[in-house]
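Listing of start34.txt, compact mmCIF, C-alpha atoms and all ligand atoms
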```
# COMPACT_ATOMS: atom_id res chain seq x y z
CA MET A 30 52.49 -8.39 8.02
CA GLY A 31 53.50 -12.04 7.92
CA VAL A 32 54.56 -11.99 4.28
CA LYS A 33 58.12 -10.77 4.19
CA MET A 34 60.68 -10.33 1.53
CA THR A 35 63.29 -12.93 2.18
CA PRO A 36 66.73 -11.38 2.07
CA GLY A 37 68.52 -12.36 -1.06
CA THR A 38 65.48 -13.11 -3.21
CA LYS A 39 65.18 -11.28 -6.43
CA HIS A 40 61.76 -9.72 -5.88
CA GLU A 41 62.08 -7.76 -9.09
CA SER A 42 61.06 -10.99 -10.73
CA GLY A 43 57.65 -10.86 -8.96
CA ILE A 44 58.39 -13.87 -6.78
CA ILE A 45 58.54 -13.76 -3.00
CA THR A 46 59.14 -16.65 -0.66
CA THR A 47 57.29 -17.19 2.59
CA LYS A 48 55.62 -19.90 4.64
CA LEU A 49 52.17 -21.15 3.75
CA ASP A 50 50.82 -20.52 7.27
CA GLU A 51 52.03 -16.96 7.09
CA VAL A 52 50.21 -16.33 3.82
CA LEU A 53 47.01 -17.88 5.12
CA ARG A 54 47.05 -15.83 8.31
CA TRP A 55 47.95 -12.70 6.38
CA GLY A 56 45.03 -13.26 4.04
CA ARG A 57 42.59 -14.09 6.81
CA LYS A 58 43.33 -11.16 9.00
CA ASN A 59 43.17 -8.63 6.20
CA SER A 60 39.97 -9.87 4.63
CA LEU A 61 37.54 -10.51 7.50
CA TRP A 62 33.96 -10.64 6.27
CA PRO A 63 31.72 -9.66 9.17
CA LEU A 64 28.23 -10.97 9.73
CA PRO A 65 26.50 -8.32 11.82
CA PHE A 66 24.23 -10.10 14.28
CA GLY A 67 22.55 -6.83 15.18
CA THR A 68 19.64 -6.94 17.58
CA ALA A 69 19.56 -3.47 19.12
CA CYS A 70 21.09 0.01 19.23
CA CYS A 71 24.69 -1.21 18.92
CA ALA A 72 23.86 -2.35 15.39
CA ILE A 73 23.12 1.28 14.50
CA GLU A 74 26.56 2.20 15.79
CA PHE A 75 28.05 -0.53 13.64
CA MET A 76 26.55 1.17 10.58
CA GLY A 77 28.65 4.18 11.52
CA VAL A 78 31.73 1.98 11.68
CA VAL A 79 31.19 0.74 8.14
CA SER A 80 30.34 4.13 6.68
CA SER A 81 32.88 6.55 5.27
CA PRO A 82 33.66 8.69 8.38
CA PHE A 83 35.21 5.69 10.12
CA ASP A 84 35.71 3.47 7.10
CA LEU A 85 36.10 -0.12 8.20
CA SER A 86 37.44 -0.91 4.72
CA ARG A 87 40.82 0.48 5.79
CA PHE A 88 41.13 -2.75 7.77
CA GLY A 89 39.79 -4.98 5.03
CA ALA A 90 36.60 -5.89 6.90
CA GLU A 91 34.02 -3.82 5.08
CA ILE A 92 32.30 -6.59 3.13
CA VAL A 93 29.29 -7.14 5.37
CA ARG A 94 27.57 -10.45 4.68
CA PHE A 95 24.20 -11.52 5.99
CA SER A 96 24.81 -15.17 5.23
CA PRO A 97 26.78 -17.32 7.67
CA ARG A 98 28.11 -19.26 4.69
CA GLN A 99 29.94 -16.23 3.37
CA SER A 100 31.32 -14.70 6.55
CA ASP A 101 34.04 -15.56 9.01
CA LEU A 102 33.46 -12.94 11.71
CA MET A 103 30.24 -12.83 13.70
CA LEU A 104 29.84 -9.37 15.17
CA VAL A 105 27.20 -9.58 17.86
CA ALA A 106 25.84 -6.07 18.32
CA GLY A 107 22.94 -5.73 20.70
CA THR A 108 20.93 -7.33 23.47
CA ILE A 109 20.73 -11.10 23.15
CA ASN A 110 17.78 -12.62 24.95
CA TYR A 111 17.06 -16.24 25.74
CA LYS A 112 14.64 -16.53 22.86
CA ILE A 113 17.14 -15.55 20.17
CA GLY A 114 19.99 -17.49 21.79
CA PRO A 115 19.40 -20.70 19.80
CA VAL A 116 19.16 -18.66 16.58
CA MET A 117 22.53 -17.06 17.25
CA ARG A 118 24.10 -20.38 18.12
CA ARG A 119 22.78 -21.97 14.93
CA ILE A 120 24.11 -19.15 12.77
CA TYR A 121 27.49 -19.51 14.46
CA ASP A 122 27.43 -23.25 13.78
CA GLN A 123 26.63 -22.60 10.12
CA MET A 124 29.73 -20.46 9.63
CA CYS A 125 32.73 -22.19 8.12
CA GLU A 126 36.05 -22.50 9.95
CA PRO A 127 38.07 -20.48 10.67
CA LYS A 128 35.54 -18.22 12.37
CA TYR A 129 35.73 -15.49 14.96
CA VAL A 130 33.28 -13.68 17.24
CA ILE A 131 33.35 -10.10 18.46
CA SER A 132 30.96 -9.18 21.25
CA MET A 133 30.07 -5.53 20.80
CA GLY A 134 28.62 -3.51 23.66
CA ALA A 135 27.66 -4.01 27.27
CA CYS A 136 24.54 -6.00 26.37
CA ALA A 137 26.26 -8.67 24.32
CA CYS A 138 29.20 -8.86 26.76
CA SER A 139 27.28 -9.11 30.02
CA GLY A 140 23.60 -8.41 29.50
CA GLY A 141 24.24 -4.73 30.19
CA PHE A 142 21.61 -3.14 32.34
CA TYR A 143 19.10 -5.82 31.30
CA ASP A 144 19.54 -7.97 34.37
CA ASN A 145 16.21 -9.78 34.14
CA TYR A 146 14.43 -12.96 33.11
CA ALA A 147 14.77 -12.21 29.39
CA ALA A 148 18.37 -11.21 28.64
CA ILE A 149 21.33 -13.58 28.43
CA GLN A 150 24.03 -12.32 30.78
CA GLY A 151 26.87 -12.52 28.28
CA ILE A 152 26.98 -14.29 24.91
CA ASP A 153 30.14 -16.14 25.90
CA GLN A 154 27.77 -18.57 27.59
CA ILE A 155 26.71 -19.89 24.18
CA VAL A 156 29.44 -18.98 21.66
CA PRO A 157 33.22 -18.55 22.09
CA VAL A 158 34.13 -14.86 21.97
CA ASP A 159 37.47 -13.57 20.66
CA VAL A 160 37.18 -9.89 21.51
CA PHE A 161 34.84 -8.07 23.90
CA ILE A 162 34.12 -4.38 23.31
CA PRO A 163 32.86 -2.44 26.34
CA GLY A 164 30.61 0.59 25.99
CA CYS A 165 26.96 1.43 25.58
CA PRO A 166 27.25 1.75 22.68
CA PRO A 167 31.00 1.50 22.02
CA ARG A 168 32.37 4.31 19.91
CA PRO A 169 33.27 3.33 16.35
CA ASP A 170 36.93 3.77 17.27
CA ALA A 171 36.51 1.01 19.84
CA VAL A 172 35.09 -1.29 17.18
CA LEU A 173 38.02 -0.53 14.89
CA ASN A 174 40.33 -1.27 17.81
CA ALA A 175 38.61 -4.61 18.30
CA ILE A 176 39.13 -5.48 14.63
CA VAL A 177 42.83 -4.62 14.99
CA LYS A 178 43.05 -6.72 18.16
CA LEU A 179 41.43 -9.62 16.34
CA GLN A 180 43.91 -9.21 13.49
CA GLU A 181 46.76 -9.39 15.98
CA LYS A 182 45.22 -12.54 17.41
CA ILE A 183 44.88 -14.13 13.98
CA ALA A 184 48.49 -13.25 13.17
CA LYS A 185 49.56 -15.19 16.26
CA GLU A 186 47.46 -18.25 15.55
CA PRO A 187 49.37 -21.53 15.89
CA GLN A 188 50.80 -23.10 12.77
CA ARG A 189 48.28 -25.29 11.05
CA GLY A 190 50.04 -26.38 7.88
CA LEU A 191 48.61 -28.00 4.79
CA ARG A 192 47.45 -31.18 6.49
CA HIS A 193 45.23 -29.22 8.83
CA ILE A 194 43.68 -27.34 5.91
CA GLY A 195 42.85 -30.68 4.38
CA ARG A 196 41.03 -31.75 7.53
CA GLU A 197 39.08 -28.55 7.68
CA HIS A 198 37.65 -29.39 4.31
CA GLY A 199 36.61 -32.84 5.33
CA GLU A 200 39.48 -34.75 3.70
CA SER A 201 41.41 -37.28 5.74
CA MET B 25 -20.71 14.09 17.70
CA ALA B 26 -21.60 12.13 20.80
CA ASN B 27 -19.68 12.85 23.95
CA LEU B 28 -18.28 10.23 26.23
CA ASP B 29 -20.83 10.68 29.02
CA ASP B 30 -23.71 10.04 26.61
CA ILE B 31 -22.11 6.85 25.37
CA LEU B 32 -21.37 5.66 28.89
CA ASN B 33 -24.97 6.32 29.93
CA VAL B 34 -26.23 4.34 26.94
CA ILE B 35 -23.99 1.44 27.94
CA LYS B 36 -25.05 1.63 31.58
CA ASP B 37 -28.73 1.59 30.61
CA ARG B 38 -28.31 -1.24 28.17
CA HIS B 39 -26.41 -3.35 30.69
CA ALA B 40 -28.29 -2.33 33.80
CA ASP B 41 -27.76 -5.74 35.36
CA ALA B 42 -24.07 -5.86 34.48
CA ASP B 43 -22.62 -4.03 37.44
CA VAL B 44 -20.93 -1.41 35.25
CA SER B 45 -19.30 1.50 37.03
CA VAL B 46 -17.24 4.38 35.71
CA GLU B 47 -14.42 6.13 37.48
CA ASP B 48 -11.91 8.75 36.46
CA SER B 49 -8.21 8.02 36.35
CA PHE B 50 -5.70 10.67 35.31
CA GLY B 51 -8.28 12.35 33.09
CA ASP B 52 -9.45 9.21 31.29
CA ALA B 53 -12.68 7.39 32.00
CA VAL B 54 -12.25 3.88 33.33
CA MET B 55 -15.16 1.50 33.11
CA VAL B 56 -15.15 -1.42 35.52
CA VAL B 57 -17.10 -4.43 34.32
CA ALA B 58 -17.86 -7.83 35.82
CA LYS B 59 -16.10 -10.60 33.99
CA SER B 60 -19.30 -12.41 33.07
CA GLN B 61 -20.54 -9.33 31.19
CA LEU B 62 -17.23 -8.35 29.64
CA LEU B 63 -17.87 -9.50 26.10
CA ASP B 64 -21.39 -8.03 26.00
CA VAL B 65 -20.17 -4.64 27.15
CA LEU B 66 -17.21 -4.66 24.75
CA THR B 67 -19.59 -5.51 21.90
CA SER B 68 -21.81 -2.58 22.83
CA LEU B 69 -18.83 -0.26 23.04
CA LYS B 70 -17.72 -1.26 19.58
CA GLN B 71 -21.21 -0.58 18.28
CA GLU B 72 -21.07 2.86 19.89
CA GLY B 73 -17.97 3.75 17.89
CA PHE B 74 -14.95 2.38 19.78
CA ASP B 75 -13.48 0.87 16.65
CA LEU B 76 -9.85 0.71 17.73
CA LEU B 77 -8.39 -1.54 20.42
CA LEU B 78 -5.07 0.08 21.33
CA ASP B 79 -3.76 -2.41 23.82
CA ILE B 80 -4.59 -5.01 26.43
CA ALA B 81 -2.65 -4.87 29.68
CA GLY B 82 -2.55 -7.29 32.57
CA VAL B 83 -2.00 -6.28 36.18
CA ASP B 84 -0.93 -8.39 39.12
CA ASN B 85 -2.30 -6.94 42.37
CA MET B 86 -0.52 -9.44 44.59
CA LYS B 87 1.33 -6.77 46.56
CA ARG B 88 -1.43 -4.18 46.91
CA GLU B 89 -5.04 -3.82 47.97
CA ALA B 90 -7.47 -4.82 45.23
CA PRO B 91 -10.72 -6.77 44.86
CA GLU B 92 -8.97 -9.61 43.02
CA ARG B 93 -5.40 -10.69 42.40
CA PHE B 94 -5.41 -9.99 38.64
CA GLU B 95 -7.00 -7.44 36.39
CA LEU B 96 -7.15 -6.85 32.65
CA VAL B 97 -7.33 -3.40 31.10
CA TYR B 98 -8.60 -2.86 27.56
CA MET B 99 -7.61 0.47 26.05
CA LEU B 100 -10.18 1.61 23.51
CA TYR B 101 -10.21 4.53 21.13
CA SER B 102 -12.93 5.89 18.91
CA VAL B 103 -11.36 7.21 15.74
CA GLY B 104 -14.48 8.98 14.50
CA GLN B 105 -15.24 10.73 17.81
CA ASP B 106 -11.72 11.08 19.24
CA LEU B 107 -12.72 9.46 22.53
CA ARG B 108 -10.68 7.29 24.84
CA LEU B 109 -11.92 4.72 27.31
CA ARG B 110 -10.32 2.10 29.47
CA VAL B 111 -12.29 -1.00 30.37
CA LYS B 112 -11.13 -2.86 33.44
CA VAL B 113 -12.12 -6.32 34.56
CA TYR B 114 -10.99 -8.09 37.72
CA VAL B 115 -9.93 -11.70 37.31
CA PRO B 116 -9.65 -13.96 40.37
CA GLU B 117 -6.58 -16.11 40.77
CA ASP B 118 -8.52 -19.37 40.81
CA ASP B 119 -10.43 -18.67 37.59
CA LEU B 120 -8.22 -17.16 34.90
CA ASN B 121 -10.65 -17.84 32.05
CA VAL B 122 -11.60 -14.67 30.17
CA PRO B 123 -13.61 -14.50 26.95
CA SER B 124 -11.47 -13.53 23.99
CA ALA B 125 -12.10 -10.22 22.22
CA THR B 126 -10.55 -11.41 18.97
CA GLY B 127 -13.99 -11.63 17.41
CA LEU B 128 -14.42 -7.88 17.91
CA TRP B 129 -10.96 -6.51 17.20
CA GLN B 130 -8.19 -8.28 15.32
CA ALA B 131 -5.72 -6.36 17.48
CA ALA B 132 -6.82 -8.43 20.46
CA ASN B 133 -4.99 -11.42 19.01
CA TRP B 134 -1.46 -10.35 19.96
CA GLY B 135 -2.56 -8.35 22.98
CA GLU B 136 -4.20 -11.39 24.51
CA ARG B 137 -1.23 -13.56 23.65
CA GLU B 138 0.98 -11.13 25.54
CA ALA B 139 -1.34 -11.09 28.56
CA PHE B 140 -1.38 -14.89 28.48
CA ASP B 141 2.40 -15.05 28.18
CA MET B 142 3.11 -12.63 31.02
CA PHE B 143 0.28 -13.43 33.46
CA GLY B 144 -1.33 -16.69 32.40
CA PHE B 145 -4.85 -15.53 31.54
CA ASN B 146 -6.73 -18.12 29.54
CA PHE B 147 -8.61 -16.38 26.75
CA GLU B 148 -11.44 -18.64 25.71
CA GLY B 149 -12.05 -18.63 21.97
CA HIS B 150 -8.63 -17.25 21.01
CA PRO B 151 -7.51 -18.78 17.69
CA ASN B 152 -3.86 -19.21 18.64
CA LEU B 153 -3.18 -18.74 22.35
CA GLU B 154 0.59 -19.23 22.44
CA ARG B 155 3.39 -17.31 24.06
CA ILE B 156 4.41 -14.26 22.06
CA LEU B 157 7.40 -12.74 23.90
CA CYS B 158 8.94 -15.51 25.97
CA HIS B 159 10.13 -18.66 24.25
CA ARG B 160 7.98 -21.72 24.21
CA GLU B 161 10.10 -23.62 26.74
CA PHE B 162 9.58 -20.88 29.34
CA VAL B 163 7.91 -22.13 32.51
CA GLY B 164 5.78 -19.72 34.54
CA HIS B 165 4.64 -16.19 33.78
CA ALA B 166 7.31 -13.54 33.92
CA LEU B 167 5.33 -10.48 35.01
CA ARG B 168 3.61 -12.14 37.93
CA LYS B 169 4.84 -10.60 41.14
CA ASP B 170 5.86 -13.98 42.49
CA TYR B 171 8.12 -14.75 39.52
CA PRO B 172 11.78 -14.15 40.48
CA THR B 173 12.79 -11.22 38.27
CA LEU B 174 16.33 -12.41 37.64
CA LYS B 175 15.46 -16.02 36.84
CA GLY B 176 16.41 -16.60 33.21
CA GLN B 177 15.43 -19.80 31.42
CA TRP B 178 17.47 -21.27 28.57
CA ALA B 179 15.82 -21.96 25.26
CA THR B 180 17.10 -24.87 23.19
CA SER B 181 14.87 -24.52 20.14
CA THR B 182 13.66 -21.66 18.00
CA SER B 183 10.06 -20.54 17.80
CA ASP B 184 8.23 -20.20 14.50
CA LEU B 185 7.40 -16.60 13.74
CA ARG B 186 4.66 -17.65 11.36
CA PRO B 187 3.30 -21.04 12.42
CA ASP B 188 0.69 -20.82 9.67
CA LEU B 189 3.49 -20.83 7.09
CA GLU B 190 5.52 -23.50 8.86
CA ARG B 191 2.65 -25.95 8.92
CA GLU B 192 2.25 -26.08 5.15
S1 LIG C 1 25.11 -1.95 24.92
FE1 LIG C 1 23.86 -0.07 24.97
S2 LIG C 1 23.86 0.64 22.83
FE2 LIG C 1 24.50 -1.50 22.81
S3 LIG C 1 22.64 -2.70 22.48
FE3 LIG C 1 22.96 -2.54 24.70
S4 LIG C 1 21.75 -0.77 25.31
FE4 LIG C 1 22.03 -0.63 23.08
```
In structure tokens, how does this file's structure come out?
Amino acid sequence: MGVKMTPGTKHESGIITTKLDEVLRWGRKNSLWPLPFGTACCAIEFMGVVSSPFDLSRFGAEIVRFSPRQSDLMLVAGTINYKIGPVMRRIYDQMCEPKYVISMGACACSGGFYDNYAAIQGIDQIVPVDVFIPGCPPRPDAVLNAIVKLQEKIAKEPQRGLRHIGREHGES
Amino acid sequence: MANLDDILNVIKDRHADADVSVEDSFGDAVMVVAKSQLLDVLTSLKQEGFDLLLDIAGVDNMKREAPERFELVYMLYSVGQDLRLRVKVYVPEDDLNVPSATGLWQAANWGEREAFDMFGFNFEGHPNLERILCHREFVGHALRKDYPTLKGQWATSTSDLRPDLERE
């Protein structure tokens, strides 16, 4: 999990030792706050993912936020057309670092069967995507799998250290 | 309750010079009207009880036999008499001006914006003739038969959903 008991420490005292990066990554991956950018049927499937039968809260990502300021995972669920493209990009830009994107469903990943003048053929053309989920719509299990994959990715993020955190917050 | 034939005969008599003809299409009456008389005939139809405009559709006849390249179809419904009628008008490619029906039915507002967006009809007298489905940077008209179906166009700015609110 990143935070490990160091051999020899007296954890009965309530103190554990670890590295700062490890704690940050451990916290980030287990408390993703998704922003559901739902535009079509996949968003309905996402409701199933959050509800009790599939229970996204087992993975710490159940706090769904509709404000980019309060979320760190944009979950694009649905057909993205050229008209809403700039809206999606602006919402992504408004999210604070570190931020992640999951592209849910055939439409978001590749335009799906909407190969026409209106639909963007894959949202990776306007935002960086961490995990793609195939399916039309993907089953909730697949979405849970994507969250787990993203957690694995976050756990492997390069070391950033305190100085980098300072820069993220605009300090030099 | 008046039946459809009576109403159509009234309209035909009233607009004897308007070149109004009625045909049957899949069980619904279709009235074909010359463009110059369109607004007069629509006004009469509203007076005769067609109080609901269901939709306005554009058609591009580029790839089939037809009197003109474009046509507009107004789908009317009479709530009180449970009657349906389609009104069709042919629009030549070199004169896309059509009088707006927004003065008769509020519903014409968005319907005409869609027909303008997809085919390029110019509805004279429309209060806000802007694109409604495609974004405002879109060039061309997507449902014309000579528009390449797969040609997407990037948008760089967002459109205002309620320009009347944005302008304040
Ligand atoms: S991928 Fe399928 S289910 Fe998902 S938004 Fe597209 S059409 Fe709907």
Taking all atoms listed in the file into account, what are the residues of chain A at most 7 Å from chain B, put as a JSON list (two decimals) with C-alpha atoms, in the frame of the given file?
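The resulting file, iface20.json, is shown below:
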```json
[["chain", "number", "residue", "atom", "x", "y", "z"],
["A", 111, "TYR", "CA", 17.06, -16.24, 25.74],
["A", 112, "LYS", "CA", 14.64, -16.53, 22.86],
["A", 115, "PRO", "CA", 19.40, -20.70, 19.80],
["A", 116, "VAL", "CA", 19.16, -18.66, 16.58],
["A", 144, "ASP", "CA", 19.54, -7.97, 34.37],
["A", 145, "ASN", "CA", 16.21, -9.78, 34.14],
["A", 146, "TYR", "CA", 14.43, -12.96, 33.11],
["A", 147, "ALA", "CA", 14.77, -12.21, 29.39]]
```
Test item: residues at most 9 Å from Val122 in chain B, all atoms listed in the file, excluding those fewer than 3 positions along its chain, as a PyMOL selection string: chain B and resi 59-60+62+115+119+145-148
Serialized selection, C-alpha atoms, as a PDB file, in the frame of the given file:
```pdb
ATOM      1  CA  LYS B  59     -16.100 -10.600  33.990  1.00  0.00           C
ATOM      2  CA  SER B  60     -19.300 -12.410  33.070  1.00  0.00           C
ATOM      3  CA  LEU B  62     -17.230  -8.350  29.640  1.00  0.00           C
ATOM      4  CA  VAL B 115      -9.930 -11.700  37.310  1.00  0.00           C
ATOM      5  CA  ASP B 119     -10.430 -18.670  37.590  1.00  0.00           C
ATOM      6  CA  PHE B 145      -4.850 -15.530  31.540  1.00  0.00           C
ATOM      7  CA  ASN B 146      -6.730 -18.120  29.540  1.00  0.00           C
ATOM      8  CA  PHE B 147      -8.610 -16.380  26.750  1.00  0.00           C
ATOM      9  CA  GLU B 148     -11.440 -18.640  25.710  1.00  0.00           C
TER      10      GLU B 148
END
```
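For the pair CA of Leu173 in chain A and CA of Gly77 in chain A, the interatomic distance is 11.0 Å.
Considering all atoms listed in the file, the residues that reside within 9 Å of ligand LIG 1 (chain C) can be listed as Gly67, Thr68, Ala69, Cys70, Cys71, Ala72, Ile73, Glu74, Ala106, Gly107, Thr108, Ile109, Met133, Gly134, Ala135, Cys136, Ala137, Cys138, Gly140, Gly141, Phe142, Tyr143, Pro163, Gly164, Cys165, Pro166 and Pro167 of chain A.
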Test item: residues at most 12 Å from Asn85 in chain B, all atoms listed in the file, excluding those fewer than 2 positions along its chain, as a list in words: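 The neighbour list is Gly82, Val83, Lys87, Arg88, Glu89, Ala90, Pro91, Glu92, Arg93, Phe94, Glu95, Leu96, Tyr114, Val115, Pro116, Glu117, Phe143, Leu167, Arg168, Lys169 and Asp170 of chain B.
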Test item: residues at most 12 Å from Ser102 in chain B, only C-alpha atoms, excluding those fewer than 4 positions along its chain, as an MDAnalysis selection string: chainID B and resid 25:28 31 69:78 106:110
Option closest in space to Pro123 in chain B, from B:Met142, B:Ile80, B:Val111, B:Leu63 [counting all atoms listed in the file]: B:Leu63
Gap from CA of Asp64 in chain B to CA of Met99 in chain B - Å, one decimal: 16.2 Å
Asp79 in chain B surroundings by all atoms listed in the file, 10 Å radius, close-in-sequence under 3 positions cut, as a PyMOL selection string: chain B and resi 76+97-101+110+131-132+134-136
Selected residue, from A:Met124, A:Ile152, A:Ile92, A:Val160, that lies nearest to Lys182 in chain A when counting all atoms listed in the file: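 The shortest atom-to-atom distance to Lys182 in chain A comes from A:Val160.
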Nearest candidate to Gln61 in chain B (options B:Val163, B:Ser49, B:Lys112, B:Val34; using all atoms listed in the file):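 For Gln61 in chain B, the nearest of the candidates is B:Lys112.
CA of Ser139 in chain A is positioned 24.3 Å from CA of Ile183 in chain A.
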A:Arg87, A:Asp159, A:Gln154, A:Trp62 ranked by distance to Cys125 in chain A, top pick (using all atoms listed in the file):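 Ranking A:Arg87, A:Asp159, A:Gln154, A:Trp62 by distance to Cys125 in chain A, first place goes to A:Trp62.
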Close residues, range 170-172 of chain A itself excluded, 8 Å, all atoms listed in the file, min 5 positions apart in chain, as a list of chain:residue names: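 The residues satisfying every condition are A:Phe75, A:Val78, A:Phe83, A:Met133, A:Ile162.
Across A:Ala90, A:Thr46, A:Leu53, A:Met103, the tightest approach to Pro65 in chain A is made by A:Met103 when counting all atoms listed in the file.
Minimum atom-to-atom distance to Ser96 in chain A, evaluated using all atoms listed in the file, belongs to A:Gln123 out of A:Ser60, A:Gln150, A:Ser81, A:Gln123.
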